[in-house]
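Heads up, start07.csv below (CSV, C-alpha atoms):
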```csv
chain,number,residue,atom,x,y,z
Q,1463,MET,CA,26.8,13.6,17.1
Q,1464,LYS,CA,26.7,11.8,20.4
Q,1465,ASN,CA,26.5,8.1,20.8
Q,1466,ARG,CA,26.0,5.3,23.3
Q,1467,LEU,CA,28.7,3.0,22.0
Q,1468,LYS,CA,30.8,3.0,25.1
Q,1469,VAL,CA,27.8,2.1,27.3
Q,1470,LEU,CA,26.6,-0.6,25.0
Q,1471,ARG,CA,30.1,-2.1,24.8
Q,1472,ALA,CA,30.5,-1.9,28.6
Q,1473,GLU,CA,27.2,-3.7,29.1
Q,1474,ARG,CA,28.6,-6.7,27.1
Q,1475,ASP,CA,32.0,-6.5,28.7
Q,1476,TRP,CA,33.7,-6.0,25.4
Q,1477,THR,CA,37.0,-4.1,24.9
Q,1478,GLN,CA,37.4,-1.6,22.1
Q,1479,ALA,CA,39.5,-4.2,20.3
Q,1480,ASP,CA,36.7,-6.8,20.6
Q,1481,LEU,CA,34.2,-4.4,19.1
Q,1482,ALA,CA,36.7,-3.3,16.4
Q,1483,ASN,CA,37.1,-7.0,15.4
Q,1484,LYS,CA,33.4,-7.6,15.3
Q,1485,LEU,CA,32.8,-4.5,13.1
Q,1486,ASP,CA,36.0,-5.1,11.0
Q,1487,VAL,CA,37.4,-1.7,11.7
Q,1488,SER,CA,40.5,-0.5,13.7
Q,1489,ARG,CA,40.5,0.1,17.4
Q,1490,GLN,CA,41.4,3.7,16.6
Q,1491,THR,CA,38.1,4.1,14.8
Q,1492,ILE,CA,36.1,2.7,17.8
Q,1493,ASN,CA,38.0,5.0,20.2
Q,1494,SER,CA,37.4,8.1,17.9
Q,1495,ILE,CA,33.6,7.3,17.6
Q,1496,GLU,CA,33.3,6.8,21.4
Q,1497,LYS,CA,35.0,10.2,22.0
Q,1498,ASP,CA,32.8,11.9,19.4
Q,1499,LYS,CA,35.8,12.9,17.4
Q,1500,TYR,CA,34.6,11.0,14.3
Q,1501,ASP,CA,31.1,10.3,13.0
Q,1502,PRO,CA,30.8,6.8,11.4
Q,1503,SER,CA,29.6,6.3,7.8
Q,1504,LEU,CA,26.0,5.2,7.3
Q,1505,PRO,CA,27.0,1.5,6.5
Q,1506,LEU,CA,29.1,1.4,9.7
Q,1507,ALA,CA,26.3,2.9,11.7
Q,1508,PHE,CA,23.9,0.2,10.3
Q,1509,LYS,CA,26.5,-2.5,11.2
Q,1510,VAL,CA,26.7,-1.2,14.8
Q,1511,ALA,CA,22.9,-1.1,15.0
Q,1512,ARG,CA,22.7,-4.7,13.7
Q,1513,LEU,CA,25.4,-5.9,16.1
Q,1514,PHE,CA,23.6,-4.4,19.2
Q,1515,GLN,CA,20.2,-5.3,17.8
Q,1516,GLN,CA,19.0,-1.7,18.3
Q,1517,SER,CA,17.8,1.1,16.0
Q,1518,ILE,CA,20.4,3.6,14.7
Q,1519,GLU,CA,18.6,6.5,16.4
Q,1520,SER,CA,18.8,4.8,19.8
Q,1521,ILE,CA,22.6,4.5,19.5
Q,1522,PHE,CA,23.5,7.7,17.6
Q,1523,ILE,CA,21.9,10.9,18.9
Q,1524,ASP,CA,21.8,13.9,16.5
Q,1525,ASN,CA,22.8,17.1,18.4
Q,1526,GLU,CA,20.6,19.3,16.2
Q,1527,ALA,CA,17.4,17.2,16.7
Z,113,MET,CA,34.4,-12.1,12.6
Z,114,ASN,CA,36.4,-14.5,14.7
Z,115,LYS,CA,39.9,-13.9,16.0
Z,116,LEU,CA,41.5,-16.2,13.5
Z,117,THR,CA,40.0,-14.4,10.5
Z,118,ALA,CA,40.8,-11.0,12.0
Z,119,SER,CA,44.4,-12.0,12.6
Z,120,THR,CA,44.7,-13.4,9.0
Z,121,SER,CA,43.2,-10.1,7.6
Z,122,LYS,CA,45.7,-8.1,9.7
Z,123,LYS,CA,48.5,-10.2,8.3
Z,124,GLU,CA,47.3,-9.7,4.8
Z,125,LYS,CA,47.1,-6.0,5.3
Z,126,GLY,CA,50.6,-6.0,6.8
Z,127,MET,CA,51.9,-7.9,3.8
Z,128,LYS,CA,50.2,-5.4,1.4
Z,129,ASN,CA,51.8,-2.5,3.3
Z,130,LEU,CA,55.2,-4.2,3.1
Z,131,ILE,CA,54.9,-4.9,-0.7
Z,132,PHE,CA,53.8,-1.3,-1.3
Z,133,VAL,CA,56.7,0.2,0.8
Z,134,ALA,CA,59.2,-2.1,-1.0
Z,135,SER,CA,57.9,-1.3,-4.5
Z,136,THR,CA,58.0,2.5,-3.7
Z,137,PHE,CA,61.5,2.1,-2.4
Z,138,ILE,CA,62.6,0.2,-5.5
Z,139,TRP,CA,61.0,2.8,-7.7
Z,140,ILE,CA,62.7,5.8,-6.0
Z,141,ALA,CA,66.1,4.0,-5.8
Z,142,MET,CA,65.9,3.2,-9.5
Z,143,MET,CA,64.9,6.8,-10.3
Z,144,ILE,CA,68.0,8.1,-8.4
Z,145,PHE,CA,70.2,5.4,-10.1
Z,146,ILE,CA,69.0,6.5,-13.6
Z,147,ASP,CA,69.5,10.2,-12.8
Z,148,LYS,CA,73.0,9.7,-11.4
Z,149,GLY,CA,73.8,7.2,-14.2
Z,150,ILE,CA,72.9,9.8,-16.9
Z,151,LEU,CA,74.9,12.5,-15.0
Z,152,TYR,CA,78.1,10.4,-14.6
Z,153,GLY,CA,77.8,8.5,-17.9
Z,154,TRP,CA,77.3,5.0,-16.4
Z,155,PHE,CA,75.2,3.7,-19.3
Z,156,ALA,CA,76.6,2.4,-22.6
Z,157,SER,CA,73.9,3.6,-24.9
Z,158,ASP,CA,70.7,5.7,-25.2
Z,159,MET,CA,68.7,2.5,-25.8
Z,160,GLN,CA,69.7,1.3,-22.3
Z,161,ILE,CA,68.7,4.6,-20.8
Z,162,ASN,CA,65.3,4.6,-22.6
Z,163,LEU,CA,64.6,1.1,-21.4
Z,164,LEU,CA,65.4,1.9,-17.8
Z,165,ILE,CA,63.3,5.1,-17.9
Z,166,ALA,CA,60.4,3.1,-19.5
Z,167,PHE,CA,60.7,0.4,-16.8
Z,168,ASP,CA,60.8,3.0,-14.0
Z,169,THR,CA,57.7,4.7,-15.4
Z,170,ILE,CA,55.8,1.4,-15.6
Z,171,LEU,CA,56.9,0.6,-12.0
Z,172,GLY,CA,55.7,4.1,-10.9
Z,173,ILE,CA,52.2,3.4,-12.5
Z,174,VAL,CA,52.1,0.0,-10.7
Z,175,VAL,CA,52.9,1.8,-7.4
Z,176,ILE,CA,49.9,4.2,-8.0
Z,177,PHE,CA,47.5,1.3,-8.4
Z,178,MET,CA,49.0,-0.4,-5.3
Z,179,PHE,CA,48.4,2.8,-3.3
Z,180,ILE,CA,44.8,2.8,-4.5
Z,181,ASN,CA,44.4,-0.8,-3.4
Z,182,LEU,CA,46.0,0.0,-0.1
Z,183,LEU,CA,43.5,2.8,0.4
Z,184,LYS,CA,40.6,0.4,-0.4
Z,185,SER,CA,41.9,-2.1,2.2
Z,186,MET,CA,42.0,0.6,5.0
Z,187,ASP,CA,39.0,1.2,7.3
Z,188,GLU,CA,37.0,4.4,6.9
Z,189,LEU,CA,38.9,6.5,9.5
Z,190,GLN,CA,42.3,5.5,8.1
Z,191,ARG,CA,41.1,6.4,4.7
Z,192,LYS,CA,39.8,9.8,5.9
Z,193,ILE,CA,43.2,10.5,7.4
Z,194,GLN,CA,44.9,9.6,4.1
Z,195,PHE,CA,42.4,11.6,2.0
Z,196,ASP,CA,42.9,14.7,4.3
Z,197,ALA,CA,46.6,14.3,3.9
Z,198,LEU,CA,46.4,14.0,0.1
Z,199,ALA,CA,44.1,17.0,-0.1
Z,200,PHE,CA,46.4,19.1,2.1
Z,201,SER,CA,49.6,18.1,0.3
Z,202,MET,CA,48.1,18.7,-3.1
Z,203,GLY,CA,46.8,22.2,-2.0
Z,204,ALA,CA,50.1,23.2,-0.4
Z,205,THR,CA,52.0,22.1,-3.5
Z,206,PHE,CA,49.6,24.0,-5.8
Z,207,VAL,CA,50.1,27.2,-3.7
Z,208,ALA,CA,53.9,26.7,-3.5
Z,209,SER,CA,54.2,26.2,-7.3
Z,210,ILE,CA,52.3,29.4,-8.0
Z,211,THR,CA,54.4,31.3,-5.4
Z,212,TYR,CA,57.6,29.9,-6.9
Z,213,SER,CA,56.4,30.8,-10.4
Z,214,LEU,CA,55.7,34.4,-9.3
Z,215,LEU,CA,59.0,34.7,-7.5
Z,216,THR,CA,60.8,33.4,-10.6
Z,217,THR,CA,59.0,35.9,-12.8
Z,218,ALA,CA,60.0,38.7,-10.4
Z,219,GLN,CA,63.5,37.3,-10.6
Z,220,ILE,CA,63.7,37.1,-6.8
Z,221,VAL,CA,64.6,33.3,-6.9
Z,222,ARG,CA,66.4,31.2,-9.5
Z,223,ASP,CA,64.4,28.8,-11.7
Z,224,SER,CA,62.3,26.5,-9.6
Z,225,GLU,CA,63.3,22.8,-9.5
Z,226,THR,CA,60.7,20.0,-9.7
Z,227,SER,CA,62.4,18.2,-6.9
Z,228,ASP,CA,61.7,21.2,-4.6
Z,229,LEU,CA,58.0,20.8,-5.2
Z,230,ILE,CA,58.1,17.0,-4.7
Z,231,LEU,CA,59.9,17.6,-1.4
Z,232,ILE,CA,57.2,20.1,-0.3
Z,233,MET,CA,54.5,17.6,-1.3
Z,234,THR,CA,56.2,14.7,0.6
Z,235,PHE,CA,56.8,16.8,3.7
Z,236,CYS,CA,53.1,18.1,3.8
Z,237,TYR,CA,51.7,14.6,3.2
Z,238,MET,CA,53.8,13.1,6.0
Z,239,ALA,CA,53.1,15.9,8.4
Z,240,SER,CA,49.4,15.7,7.7
Z,241,VAL,CA,49.3,11.9,8.2
Z,242,ILE,CA,51.1,12.3,11.5
Z,243,CYS,CA,48.7,15.1,12.6
Z,244,GLY,CA,45.7,12.9,11.6
Z,245,GLN,CA,47.0,9.9,13.6
Z,246,VAL,CA,47.5,12.1,16.6
Z,247,LYS,CA,44.1,13.8,16.3
Z,248,TYR,CA,42.2,10.4,16.0
Z,249,ARG,CA,44.5,8.3,18.3
```
Can I see the file as structure tokens?
Amino acid sequence: MKNRLKVLRAERDWTQADLANKLDVSRQTINSIEKDKYDPSLPLAFKVARLFQQSIESIFIDNEA
Amino acid sequence: MNKLTASTSKKEKGMKNLIFVASTFIWIAMMIFIDKGILYGWFASDMQINLLIAFDTILGIVVIFMFINLLKSMDELQRKIQFDALAFSMGATFVASITYSLLTTAQIVRDSETSDLILIMTFCYMASVICGQVKYR
């Protein structure tokens, strides 16, 4: 699954650590999601969507769609 | 979440980790002490040995619940790394114990020791956690 996390974060001038603090996860988790190594859980995906005030589908792109 | 709350949360997690590591260390040290004590006759009575074994077992159970709490306090990626490591170490120990059993039946090796299996489990768990940390760094 691809995502636009890095772009959205860069637009707000946030570091990975800033985003990790806002989402209450580790910086390692943010880095792994950005590099498409790890797909977040549904609750975390919702949290990301709420934080960026966008829909989940506009942030996370399903490869098989 | 503001920086102060995040920092407090990190401190709390750090403290939890420290208490867990200390408890595990005390449990293992006590296990070795009891084992060697029985072997070299350090204890005065069977009652003393039974009490120490009971205390060590209770401490072991406490460590299990502390580990569960530690897992709950981790974020989802850390938890995934831990679960992968637990699954791998359990599978490897299961396979090793069956192989050991077959080799013992075939009289190729001497009777297997429980400590060998614990060693395999510990090594596989630690190796898998390190691999997970490297994979998702």
For this session: Work out how far atom CA of Ser135 of chain Z is from atom CA of Val175 of chain Z, in Å to one decimal.
Result: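 According to the coordinates, atom CA of Val175 of chain Z and atom CA of Ser135 of chain Z are separated by 6.6 Å.
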Set out as a Markdown table a contact list for chain Z and chain Q with a cut-off of 6 Å, giving each residue of chain Z that qualifies its closest atom pair and distance in Å to one decimal, counting only C-alpha atoms, ordered by chain and rising residue number.
```
| residue | atom | partner | partner_atom | distance |
| --- | --- | --- | --- | --- |
| Z:Met113 | CA | Q:Lys1484 | CA | 5.3 |
| Z:Asp187 | CA | Q:Val1487 | CA | 5.5 |
| Z:Leu189 | CA | Q:Thr1491 | CA | 5.9 |
| Z:Tyr248 | CA | Q:Ser1494 | CA | 5.7 |
| Z:Arg249 | CA | Q:Gln1490 | CA | 5.8 |
```
Problem set entry | Near-Leu164 of chain Z list (12 Å; all atoms listed in the file; drop same-chain fewer than 3 positions) as a list in words |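 My list of contacting residues is Trp139, Met142, Met143, Ile144, Phe145, Ile146, Asp147, Gly149, Ile150, Phe155, Ser157, Asp158, Met159, Gln160, Ile161, Phe167, Asp168, Thr169, Ile170 and Leu171 of chain Z.
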Exercise. Which is closer to Phe132 of chain Z than all the others in Z:Ile165, Z:Ala156, Z:Leu151, Z:Asn181, using only C-alpha atoms?
Worked result: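 Once distances to Phe132 of chain Z are computed over only C-alpha atoms, the minimum belongs to Z:Asn181.
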For this session: Return the single residue from Z:Ile131, Z:Thr136, Z:Thr216, Z:Arg191 that is closest to Gly172 of chain Z, with distances computed using all atoms listed in the file.
Result: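 Checking each candidate against Gly172 of chain Z, we get Z:Thr136 as the closest.
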Seminar exercise, completed: Atom pair atom CA of Val1469 of chain Q + atom CA of Met186 of chain Z, distance 26.5 Å
Exercise. Quick one: residues within 12 Å of Val241 of chain Z, only C-alpha atoms counted, chain neighbours fewer than 4 positions away excluded, as a list in words?
Worked result: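 My reading of the contact set: Leu189, Gln190, Arg191, Lys192, Ile193, Gln194, Phe195, Asp196, Ala197, Leu198, Ala199, Phe200, Ser201, Thr234, Phe235, Cys236, Tyr237, Gln245, Val246, Lys247, Tyr248 and Arg249 of chain Z.
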